[in-house]
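The file query.cif comes next; it holds mmCIF, C-alpha atoms.
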```cif
data_data
#
loop_
_atom_site.label_atom_id
_atom_site.label_comp_id
_atom_site.auth_asym_id
_atom_site.auth_seq_id
_atom_site.Cartn_x
_atom_site.Cartn_y
_atom_site.Cartn_z
CA MET A 12 -133.60 -87.05 3.00
CA TYR A 13 -133.42 -84.36 0.33
CA ALA A 14 -134.41 -86.94 -2.28
CA GLU A 15 -137.32 -88.01 -0.12
CA MET A 16 -138.54 -84.45 0.41
CA PHE A 17 -137.85 -83.00 -3.06
CA PRO A 18 -137.58 -85.93 -5.50
CA LYS A 19 -138.42 -83.84 -8.57
CA LYS A 20 -135.63 -81.36 -7.84
CA VAL A 21 -132.96 -84.06 -8.08
CA ARG A 22 -131.08 -84.24 -11.39
CA ALA A 23 -128.26 -86.41 -10.07
CA LEU A 24 -127.28 -87.50 -6.57
CA VAL A 25 -124.16 -89.40 -5.47
CA LEU A 26 -124.15 -90.92 -1.99
CA ASP A 27 -121.04 -92.45 -0.42
CA ALA A 28 -120.59 -94.62 2.70
CA ALA A 29 -124.24 -94.99 3.59
CA PHE A 30 -126.04 -96.24 6.66
CA ASP A 31 -128.90 -98.69 6.29
CA PRO A 32 -132.08 -96.55 5.89
CA LEU A 33 -134.27 -99.47 6.98
CA ALA A 34 -132.57 -100.02 10.34
CA GLY A 35 -133.33 -98.21 13.58
CA THR A 36 -130.67 -96.83 15.90
CA HIS A 37 -130.02 -100.05 17.87
CA GLU A 38 -129.73 -102.29 14.81
CA ARG A 39 -127.59 -99.81 12.88
CA ARG A 40 -125.16 -99.25 15.76
CA VAL A 41 -124.72 -103.00 16.15
CA GLN A 42 -124.06 -103.23 12.40
CA GLN A 43 -121.41 -100.55 12.86
CA ALA A 44 -119.83 -102.34 15.84
CA THR A 45 -119.72 -105.59 13.87
CA GLY A 46 -117.95 -103.78 11.03
CA ARG A 47 -115.34 -102.33 13.35
CA GLN A 48 -114.61 -105.69 14.96
CA ALA A 49 -114.20 -107.30 11.54
CA SER A 50 -111.79 -104.51 10.55
CA PHE A 51 -109.82 -104.95 13.79
CA GLU A 52 -109.49 -108.66 13.09
CA ARG A 53 -108.28 -108.02 9.54
CA LEU A 54 -105.76 -105.51 10.91
CA ALA A 55 -104.62 -108.18 13.38
CA ALA A 56 -104.32 -110.77 10.59
CA SER A 57 -102.17 -108.37 8.58
CA CYS A 58 -100.05 -107.69 11.65
CA ALA A 59 -99.60 -111.43 12.31
CA THR A 60 -97.76 -111.87 9.02
CA LYS A 61 -95.01 -109.53 10.18
CA GLN A 62 -92.19 -110.07 12.63
CA ASP A 63 -92.73 -109.00 16.25
CA CYS A 64 -96.44 -108.27 15.82
CA PRO A 65 -97.65 -106.77 19.14
CA LEU A 66 -100.98 -108.59 18.75
CA GLY A 67 -99.31 -111.98 18.39
CA THR A 68 -99.28 -114.55 15.61
CA ASP A 69 -102.84 -115.82 16.11
CA PRO A 70 -105.43 -113.27 14.88
CA LYS A 71 -108.15 -115.15 16.78
CA ARG A 72 -106.47 -114.17 20.06
CA ALA A 73 -105.73 -110.58 19.02
CA THR A 74 -108.78 -109.11 20.79
CA LYS A 75 -107.73 -110.66 24.12
CA VAL A 76 -104.15 -109.50 23.62
CA PHE A 77 -105.31 -105.96 22.85
CA GLN A 78 -107.67 -105.86 25.83
CA LYS A 79 -104.88 -107.02 28.13
CA LEU A 80 -102.86 -104.02 26.94
CA VAL A 81 -105.57 -101.35 27.09
CA ARG A 82 -107.78 -102.27 30.05
CA PRO A 83 -105.13 -101.22 32.62
CA LEU A 84 -105.31 -97.72 31.10
CA ILE A 85 -108.73 -97.31 32.75
CA ASP A 86 -106.99 -96.94 36.11
CA LYS A 87 -103.59 -95.71 34.96
CA PRO A 88 -103.15 -93.92 31.60
CA ALA A 89 -100.00 -94.68 29.62
CA ARG A 90 -97.34 -92.01 29.65
CA THR A 91 -96.99 -89.65 26.69
CA SER A 92 -94.27 -87.15 25.87
CA ASP A 93 -96.67 -84.21 26.23
CA GLY A 94 -97.69 -85.29 29.73
CA ARG A 95 -101.38 -85.75 28.86
CA GLY A 96 -101.33 -89.54 29.08
CA LEU A 97 -103.31 -92.07 27.03
CA THR A 98 -106.59 -93.36 28.47
CA PHE A 99 -108.46 -96.55 27.57
CA GLU A 100 -111.01 -94.66 25.46
CA GLN A 101 -108.27 -92.74 23.65
CA ALA A 102 -106.36 -95.95 22.85
CA VAL A 103 -109.50 -97.52 21.34
CA GLU A 104 -110.19 -94.32 19.39
CA GLY A 105 -106.61 -94.32 18.10
CA VAL A 106 -106.99 -97.82 16.70
CA THR A 107 -110.44 -96.96 15.34
CA ALA A 108 -108.97 -93.94 13.54
CA ALA A 109 -106.58 -96.27 11.70
CA MET A 110 -109.52 -98.28 10.39
CA TYR A 111 -110.62 -95.39 8.17
CA THR A 112 -107.99 -96.44 5.64
CA GLN A 113 -105.71 -99.46 5.39
CA ALA A 114 -102.77 -97.13 4.77
CA ILE A 115 -102.83 -96.15 8.46
CA TRP A 116 -102.81 -99.71 9.81
CA PRO A 117 -98.99 -99.68 10.26
CA ALA A 118 -99.27 -96.62 12.51
CA ALA A 119 -101.82 -98.36 14.72
CA ILE A 120 -99.61 -101.44 14.95
CA THR A 121 -96.66 -99.22 15.90
CA GLY A 122 -98.84 -97.57 18.54
CA ILE A 123 -99.88 -100.92 20.00
CA ALA A 124 -96.22 -102.01 20.10
CA GLU A 125 -95.36 -98.77 21.93
CA LEU A 126 -98.14 -99.46 24.40
CA LYS A 127 -96.49 -102.77 25.30
CA ALA A 128 -93.53 -100.65 26.38
CA GLY A 129 -95.80 -98.36 28.43
CA LYS A 130 -95.89 -95.44 25.98
CA GLY A 131 -98.94 -93.96 24.28
CA ASP A 132 -97.67 -91.25 21.92
CA THR A 133 -98.58 -92.81 18.56
CA LEU A 134 -102.08 -93.93 19.57
CA LEU A 135 -102.73 -90.51 21.12
CA LYS A 136 -101.59 -88.84 17.89
CA LEU A 137 -103.97 -91.03 15.89
CA ARG A 138 -106.78 -90.23 18.30
CA ASP A 139 -106.06 -86.48 18.11
CA GLY A 140 -106.12 -86.60 14.31
CA TYR A 141 -109.44 -88.45 14.49
CA HIS A 142 -110.95 -85.56 16.43
CA GLY A 143 -109.13 -82.79 14.55
CA ARG A 144 -107.18 -81.60 17.61
CA THR A 145 -104.56 -78.99 16.76
CA ALA A 146 -101.07 -78.83 18.27
CA ASP A 147 -102.18 -76.13 20.70
CA GLY A 148 -105.06 -78.24 21.99
CA VAL A 149 -107.94 -76.68 20.07
CA TYR A 150 -110.73 -78.90 18.77
CA PRO A 151 -113.19 -78.16 15.94
CA ASN A 152 -116.90 -78.31 16.72
CA SER A 153 -117.40 -81.65 14.93
CA LEU A 154 -118.32 -83.46 18.16
CA GLU A 155 -120.92 -80.85 19.05
CA ALA A 156 -122.27 -80.93 15.48
CA ALA A 157 -122.50 -84.72 15.51
CA MET A 158 -124.34 -84.60 18.83
CA THR A 159 -126.83 -82.07 17.49
CA ILE A 160 -127.44 -84.03 14.30
CA ASN A 161 -127.76 -87.36 16.09
CA CYS A 162 -130.19 -85.97 18.63
CA LEU A 163 -132.54 -85.13 15.75
CA ASP A 164 -131.77 -88.14 13.53
CA GLU A 165 -131.55 -91.01 16.02
CA GLU A 166 -134.25 -92.73 18.04
CA ARG A 167 -134.37 -91.46 21.62
CA HIS A 168 -133.48 -94.23 24.06
CA THR A 169 -134.66 -94.83 27.59
CA PRO A 170 -131.93 -95.83 30.09
CA LYS A 171 -132.98 -99.47 29.66
CA GLN A 172 -132.69 -99.25 25.85
CA GLU A 173 -129.35 -97.40 25.99
CA THR A 174 -127.96 -99.94 28.45
CA ALA A 175 -129.03 -102.75 26.12
CA LEU A 176 -127.36 -100.95 23.19
CA ASN A 177 -124.08 -100.57 25.09
CA ARG A 178 -124.05 -104.25 25.97
CA ALA A 179 -124.87 -105.22 22.39
CA TRP A 180 -122.09 -102.94 21.10
CA PHE A 181 -119.43 -104.52 23.31
CA LYS A 182 -120.64 -108.00 22.37
CA ALA A 183 -120.37 -107.14 18.66
CA ALA A 184 -117.05 -105.25 19.03
CA PRO A 185 -115.23 -106.88 21.96
CA PHE A 186 -111.95 -105.12 21.16
CA THR A 187 -113.66 -101.94 22.49
CA ASP A 188 -114.99 -103.60 25.68
CA PRO A 189 -113.56 -102.07 28.89
CA GLY A 190 -114.50 -105.22 30.78
CA ARG A 191 -116.46 -103.41 33.43
CA PRO A 192 -120.12 -104.20 34.20
CA ILE A 193 -122.67 -101.81 32.69
CA LYS A 194 -125.16 -100.98 35.42
CA GLU A 195 -126.94 -98.23 33.54
CA ALA A 196 -126.15 -96.20 30.42
CA ARG A 197 -127.92 -92.98 29.48
CA ASP A 198 -128.72 -91.59 26.08
CA GLY A 199 -126.74 -88.37 25.58
CA CYS A 200 -129.85 -86.88 23.96
CA GLU A 201 -132.19 -87.87 26.77
CA GLN A 202 -132.80 -84.27 27.85
CA TRP A 203 -132.57 -82.73 24.37
CA PRO A 204 -135.44 -80.21 24.13
CA VAL A 205 -136.51 -81.18 20.58
CA LYS A 206 -137.84 -84.60 19.61
CA PRO A 207 -136.16 -86.65 16.84
CA THR A 208 -137.46 -85.84 13.36
CA LEU A 209 -136.06 -88.54 11.06
CA GLY A 210 -137.90 -91.75 11.83
CA TYR A 211 -137.35 -95.22 10.35
CA PRO A 212 -137.45 -96.54 7.76
CA TYR A 213 -136.68 -93.57 5.53
CA ALA A 214 -135.87 -93.03 1.82
CA THR A 215 -138.58 -95.50 0.85
CA GLY A 216 -141.54 -95.21 -1.53
CA ILE A 217 -140.16 -92.10 -3.26
CA LYS A 218 -141.98 -91.25 -6.48
CA GLY A 219 -140.57 -89.29 -9.42
CA LEU A 220 -136.91 -89.59 -8.37
CA ALA A 221 -134.23 -89.69 -11.05
CA ASP A 222 -131.63 -92.45 -10.96
CA THR A 223 -129.25 -91.98 -8.03
CA LEU A 224 -125.79 -93.45 -7.51
CA THR A 225 -124.72 -95.01 -4.21
CA VAL A 226 -121.01 -95.77 -3.82
CA SER A 227 -120.11 -98.33 -1.17
CA VAL A 228 -116.79 -99.88 -0.08
CA THR A 229 -117.06 -103.63 0.51
CA ARG A 230 -115.07 -103.64 3.76
CA ASP A 231 -115.98 -100.21 5.10
CA PRO A 232 -115.53 -100.51 8.91
CA ILE A 233 -117.53 -97.41 9.80
CA THR A 234 -120.55 -97.66 7.50
CA PRO A 235 -120.76 -101.34 6.50
CA HIS A 236 -121.33 -102.24 2.84
CA GLU A 237 -124.77 -103.70 3.56
CA GLY A 238 -126.00 -100.18 4.32
CA GLY A 239 -125.01 -98.99 0.85
CA ILE A 240 -126.75 -101.96 -0.74
CA GLU A 241 -129.95 -101.23 1.20
CA LEU A 242 -129.88 -97.51 0.39
CA ALA A 243 -129.47 -98.14 -3.34
CA LYS A 244 -132.43 -100.55 -3.22
CA ALA A 245 -134.56 -98.13 -1.18
CA LEU A 246 -133.91 -95.31 -3.66
CA GLY A 247 -134.38 -97.59 -6.66
CA GLY A 248 -131.03 -96.33 -7.91
CA SER A 249 -127.65 -97.61 -9.06
CA LEU A 250 -124.92 -99.10 -6.88
CA LEU A 251 -121.16 -98.97 -7.43
CA ALA A 252 -119.44 -101.49 -5.17
CA VAL A 253 -115.81 -100.70 -4.46
CA GLU A 254 -113.52 -103.43 -3.19
CA GLY A 255 -111.38 -101.99 -0.45
CA GLU A 256 -110.58 -101.55 3.21
CA GLN A 257 -111.50 -98.02 4.16
CA HIS A 258 -114.33 -95.63 5.00
CA GLY A 259 -115.83 -94.17 1.85
CA ALA A 260 -114.51 -94.15 -1.71
CA LEU A 261 -115.01 -90.71 -3.26
CA LEU A 262 -111.87 -89.22 -1.72
CA ALA A 263 -109.70 -92.31 -2.26
CA GLY A 264 -108.14 -91.06 -5.50
CA SER A 265 -109.37 -94.07 -7.48
CA ALA A 266 -109.47 -93.48 -11.25
CA CYS A 267 -112.15 -96.17 -11.58
CA VAL A 268 -114.42 -94.51 -9.02
CA ASN A 269 -113.74 -91.00 -10.33
CA GLU A 270 -114.54 -91.97 -13.92
CA ALA A 271 -117.78 -93.73 -12.96
CA VAL A 272 -118.93 -90.81 -10.79
CA ALA A 273 -117.98 -88.21 -13.44
CA ALA A 274 -119.85 -90.13 -16.17
CA TYR A 275 -122.92 -90.17 -13.95
CA LEU A 276 -122.77 -86.54 -12.79
CA ILE A 277 -121.93 -85.04 -16.18
CA ASP A 278 -123.65 -87.33 -18.68
CA LEU A 279 -126.19 -89.07 -16.39
CA LYS A 280 -124.65 -92.38 -17.43
CA SER A 281 -125.07 -94.81 -14.54
CA PRO A 282 -122.69 -97.73 -13.97
CA ALA A 283 -123.86 -101.08 -15.33
CA GLU A 284 -125.56 -103.42 -12.88
CA GLY A 285 -122.89 -105.30 -10.93
CA ALA A 286 -120.20 -102.72 -11.72
CA ARG A 287 -117.22 -102.81 -9.36
CA CYS A 288 -114.06 -100.86 -8.73
CA LYS A 289 -111.05 -101.78 -6.64
CA LEU A 290 -109.00 -99.48 -4.43
#
```
Kindly present the structure from the file in structure tokens form.
Amino acid sequence: MYAEMFPKKVRALVLDAAFDPLAGTHERRVQQATGRQASFERLAASCATKQDCPLGTDPKRATKVFQKLVRPLIDKPARTSDGRGLTFEQAVEGVTAAMYTQAIWPAAITGIAELKAGKGDTLLKLRDGYHGRTADGVYPNSLEAAMTINCLDEERHTPKQETALNRAWFKAAPFTDPGRPIKEARDGCEQWPVKPTLGYPYATGIKGLADTLTVSVTRDPITPHEGGIELAKALGGSLLAVEGEQHGALLAGSACVNEAVAAYLIDLKSPAEGARCKL
């Protein structure tokens, strides 16, 4: 957005883990749900190669196995050592948190195995880390900030549109589906006093913009790789594809990524077309 508003003030701009600037809210959320389901299935496939995998030996059945474990939590949360219990939503969030980097997959698998025994401590810990909850129960304001930003950036949905989006999400990411009928869903920003300001598509037709660098992980479960490809095209800039299984690349500690980004930021030397790194 800064590049679109002030293209001549940009010397260099690195963007990591991008959404598709050409897609509206419904399409982009479905893209995101599809990415999460694909990541869940890869996690399940990794689990299936190990002994006593709680999702079973057939990755194609892993979603059904997982749902059988978590759907009962809607009516009866799993017990946790701190007495809070683990709800259905928290269990899904715990697994989702592990998708941010492949290094945390084993913790999610441990948590799912615990859940088979009726305990929810590990998944609740993953969920708490996802939301930044401290040991004394204090949360940062990231949820409130995200709500504020989204209410200005996203398209405002009617109940009919939001209901359709919820149904499309669960169809694209069935591991998150609670299995209950959706009669009506409401946009959390429905009563927000200020109208959205972003609009779609954006970041297109920018004149006088220097070369930008978009970094995109090929199997990013949160902001799918296709979004990074589309943003680089829309900006007319360079793309660094990074083979990996995590959300974002700039904080991954990759020498390949760091060197490419430093060369661009310091010397304005963009990666060659088709350049790739591997995490």
Answer key for the PyMOL selection byres ((chain A and resi 70) around 10), residues as a count of residues only: 20
Distance query 10 Å from (-126.6, -96.9, 29.2) using all atoms listed in the file, result as a PyMOL selection string: chain A and resi 168-178+193-199
Requested write-out: C-alpha atoms of the selected residues, as a PDB file, in the coordinates of the input:
```pdb
ATOM      1  CA  HIS A 168    -133.480 -94.230  24.060  1.00  0.00           C
ATOM      2  CA  THR A 169    -134.660 -94.830  27.590  1.00  0.00           C
ATOM      3  CA  PRO A 170    -131.930 -95.830  30.090  1.00  0.00           C
ATOM      4  CA  LYS A 171    -132.980 -99.470  29.660  1.00  0.00           C
ATOM      5  CA  GLN A 172    -132.690 -99.250  25.850  1.00  0.00           C
ATOM      6  CA  GLU A 173    -129.350 -97.400  25.990  1.00  0.00           C
ATOM      7  CA  THR A 174    -127.960 -99.940  28.450  1.00  0.00           C
ATOM      8  CA  ALA A 175    -129.030-102.750  26.120  1.00  0.00           C
ATOM      9  CA  LEU A 176    -127.360-100.950  23.190  1.00  0.00           C
ATOM     10  CA  ASN A 177    -124.080-100.570  25.090  1.00  0.00           C
ATOM     11  CA  ARG A 178    -124.050-104.250  25.970  1.00  0.00           C
ATOM     12  CA  ILE A 193    -122.670-101.810  32.690  1.00  0.00           C
ATOM     13  CA  LYS A 194    -125.160-100.980  35.420  1.00  0.00           C
ATOM     14  CA  GLU A 195    -126.940 -98.230  33.540  1.00  0.00           C
ATOM     15  CA  ALA A 196    -126.150 -96.200  30.420  1.00  0.00           C
ATOM     16  CA  ARG A 197    -127.920 -92.980  29.480  1.00  0.00           C
ATOM     17  CA  ASP A 198    -128.720 -91.590  26.080  1.00  0.00           C
ATOM     18  CA  GLY A 199    -126.740 -88.370  25.580  1.00  0.00           C
TER      19      GLY A 199
END
```
List the residues matched by the PyMOL selection byres ((chain A and resi 231-239) around 9) in the displayed structure as a PDB file with C-alpha atoms, in the coordinates of the input, ordered by chain and then by residue number.
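What landed in expr01.pdb:
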```pdb
ATOM      1  CA  LEU A  26    -124.150 -90.920  -1.990  1.00  0.00           C
ATOM      2  CA  ASP A  27    -121.040 -92.450  -0.420  1.00  0.00           C
ATOM      3  CA  ALA A  28    -120.590 -94.620   2.700  1.00  0.00           C
ATOM      4  CA  ALA A  29    -124.240 -94.990   3.590  1.00  0.00           C
ATOM      5  CA  PHE A  30    -126.040 -96.240   6.660  1.00  0.00           C
ATOM      6  CA  ASP A  31    -128.900 -98.690   6.290  1.00  0.00           C
ATOM      7  CA  PRO A  32    -132.080 -96.550   5.890  1.00  0.00           C
ATOM      8  CA  LEU A  33    -134.270 -99.470   6.980  1.00  0.00           C
ATOM      9  CA  ALA A  34    -132.570-100.020  10.340  1.00  0.00           C
ATOM     10  CA  ARG A  39    -127.590 -99.810  12.880  1.00  0.00           C
ATOM     11  CA  GLN A  42    -124.060-103.230  12.400  1.00  0.00           C
ATOM     12  CA  GLN A  43    -121.410-100.550  12.860  1.00  0.00           C
ATOM     13  CA  ALA A  44    -119.830-102.340  15.840  1.00  0.00           C
ATOM     14  CA  THR A  45    -119.720-105.590  13.870  1.00  0.00           C
ATOM     15  CA  GLY A  46    -117.950-103.780  11.030  1.00  0.00           C
ATOM     16  CA  ARG A  47    -115.340-102.330  13.350  1.00  0.00           C
ATOM     17  CA  GLN A  48    -114.610-105.690  14.960  1.00  0.00           C
ATOM     18  CA  ALA A  49    -114.200-107.300  11.540  1.00  0.00           C
ATOM     19  CA  SER A  50    -111.790-104.510  10.550  1.00  0.00           C
ATOM     20  CA  PHE A  51    -109.820-104.950  13.790  1.00  0.00           C
ATOM     21  CA  THR A 107    -110.440 -96.960  15.340  1.00  0.00           C
ATOM     22  CA  MET A 110    -109.520 -98.280  10.390  1.00  0.00           C
ATOM     23  CA  TYR A 111    -110.620 -95.390   8.170  1.00  0.00           C
ATOM     24  CA  THR A 112    -107.990 -96.440   5.640  1.00  0.00           C
ATOM     25  CA  THR A 225    -124.720 -95.010  -4.210  1.00  0.00           C
ATOM     26  CA  VAL A 226    -121.010 -95.770  -3.820  1.00  0.00           C
ATOM     27  CA  SER A 227    -120.110 -98.330  -1.170  1.00  0.00           C
ATOM     28  CA  VAL A 228    -116.790 -99.880  -0.080  1.00  0.00           C
ATOM     29  CA  THR A 229    -117.060-103.630   0.510  1.00  0.00           C
ATOM     30  CA  ARG A 230    -115.070-103.640   3.760  1.00  0.00           C
ATOM     31  CA  ILE A 240    -126.750-101.960  -0.740  1.00  0.00           C
ATOM     32  CA  GLU A 241    -129.950-101.230   1.200  1.00  0.00           C
ATOM     33  CA  LEU A 242    -129.880 -97.510   0.390  1.00  0.00           C
ATOM     34  CA  ALA A 243    -129.470 -98.140  -3.340  1.00  0.00           C
ATOM     35  CA  LYS A 244    -132.430-100.550  -3.220  1.00  0.00           C
ATOM     36  CA  LEU A 250    -124.920 -99.100  -6.880  1.00  0.00           C
ATOM     37  CA  ALA A 252    -119.440-101.490  -5.170  1.00  0.00           C
ATOM     38  CA  GLY A 255    -111.380-101.990  -0.450  1.00  0.00           C
ATOM     39  CA  GLU A 256    -110.580-101.550   3.210  1.00  0.00           C
ATOM     40  CA  GLN A 257    -111.500 -98.020   4.160  1.00  0.00           C
ATOM     41  CA  HIS A 258    -114.330 -95.630   5.000  1.00  0.00           C
ATOM     42  CA  GLY A 259    -115.830 -94.170   1.850  1.00  0.00           C
TER      43      GLY A 259
END
```
Near-Ile115 of chain A list (10 Å; only C-alpha atoms; drop same-chain fewer than 5 positions) as a count of residues only: 7
What separates atom CA of Leu261 of chain A and atom CA of Ala102 of chain A is a distance of 28.0 Å
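In terms of minimum interatomic distance to Tyr141 of chain A, A:Gln101 ranks closest within A:Gln113, A:Asn269, A:Ser249, A:Gln101, counting only C-alpha atoms.
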What lies within 6 Å of segment 208-211 of chain A using only C-alpha atoms, ignoring chain neighbours under 2 positions off, as a CSV table (one decimal) with C-alpha atoms, in the frame of the given file?
```csv
chain,number,residue,atom,x,y,z
A,35,GLY,CA,-133.3,-98.2,13.6
A,163,LEU,CA,-132.5,-85.1,15.8
A,164,ASP,CA,-131.8,-88.1,13.5
A,213,TYR,CA,-136.7,-93.6,5.5
```
So which residues get picked by the PyMOL selection byres ((chain A and resi 217) around 10) here, written as a list in words?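 Applied to this file, the PyMOL selection byres ((chain A and resi 217) around 10) returns Ala14, Glu15, Met16, Phe17, Pro18, Lys19, Tyr213, Ala214, Thr215, Gly216, Lys218, Gly219, Leu220, Ala245, Leu246 and Gly247 of chain A.
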Any idea what the distance is between atom CA of Val103 of chain A and atom CA of Leu154 of chain A?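 Separation of atom CA of Val103 of chain A and atom CA of Leu154 of chain A: 16.9 Å.
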Return the single residue from A:Arg82, A:Glu104, A:Arg167, A:Lys280 that is closest to Glu201 of chain A, with distances computed using only C-alpha atoms. A:Arg167
List as a PDB file with C-alpha atoms, keeping the file's coordinate frame the protein and nucleic acid residues near Leu135 of chain A, meaning an atom at most 9 Å away when only C-alpha atoms are counted, but skip any in the same chain fewer than 2 places from it.
```pdb
ATOM      1  CA  THR A  91     -96.990 -89.650  26.690  1.00  0.00           C
ATOM      2  CA  GLY A  96    -101.330 -89.540  29.080  1.00  0.00           C
ATOM      3  CA  LEU A  97    -103.310 -92.070  27.030  1.00  0.00           C
ATOM      4  CA  THR A  98    -106.590 -93.360  28.470  1.00  0.00           C
ATOM      5  CA  GLN A 101    -108.270 -92.740  23.650  1.00  0.00           C
ATOM      6  CA  ALA A 102    -106.360 -95.950  22.850  1.00  0.00           C
ATOM      7  CA  GLU A 104    -110.190 -94.320  19.390  1.00  0.00           C
ATOM      8  CA  GLY A 105    -106.610 -94.320  18.100  1.00  0.00           C
ATOM      9  CA  GLY A 122     -98.840 -97.570  18.540  1.00  0.00           C
ATOM     10  CA  GLY A 131     -98.940 -93.960  24.280  1.00  0.00           C
ATOM     11  CA  ASP A 132     -97.670 -91.250  21.920  1.00  0.00           C
ATOM     12  CA  THR A 133     -98.580 -92.810  18.560  1.00  0.00           C
ATOM     13  CA  LEU A 137    -103.970 -91.030  15.890  1.00  0.00           C
ATOM     14  CA  ARG A 138    -106.780 -90.230  18.300  1.00  0.00           C
ATOM     15  CA  ASP A 139    -106.060 -86.480  18.110  1.00  0.00           C
ATOM     16  CA  GLY A 140    -106.120 -86.600  14.310  1.00  0.00           C
TER      17      GLY A 140
END
```
Separation of atom CA of Glu38 of chain A and atom CA of Asn161 of chain A, in Å? 15.1 Å
Of the residues A:Ala273, A:Cys200, A:Leu290, A:Ser281, which is the one nearest to Thr223 of chain A, using all atoms listed in the file? A:Ser281
Produce the centre coordinates and the three edge lengths, each in Å to one decimal, of the box along x, y and z that contains all listed atoms of segment 122-135 of chain A with 4 Å added on each side, as lines of an AutoDock Vina configuration file.
```
center_x = -98.1
center_y = -96.6
center_z = 23.5
size_x = 17.2
size_y = 20.3
size_z = 17.9
```
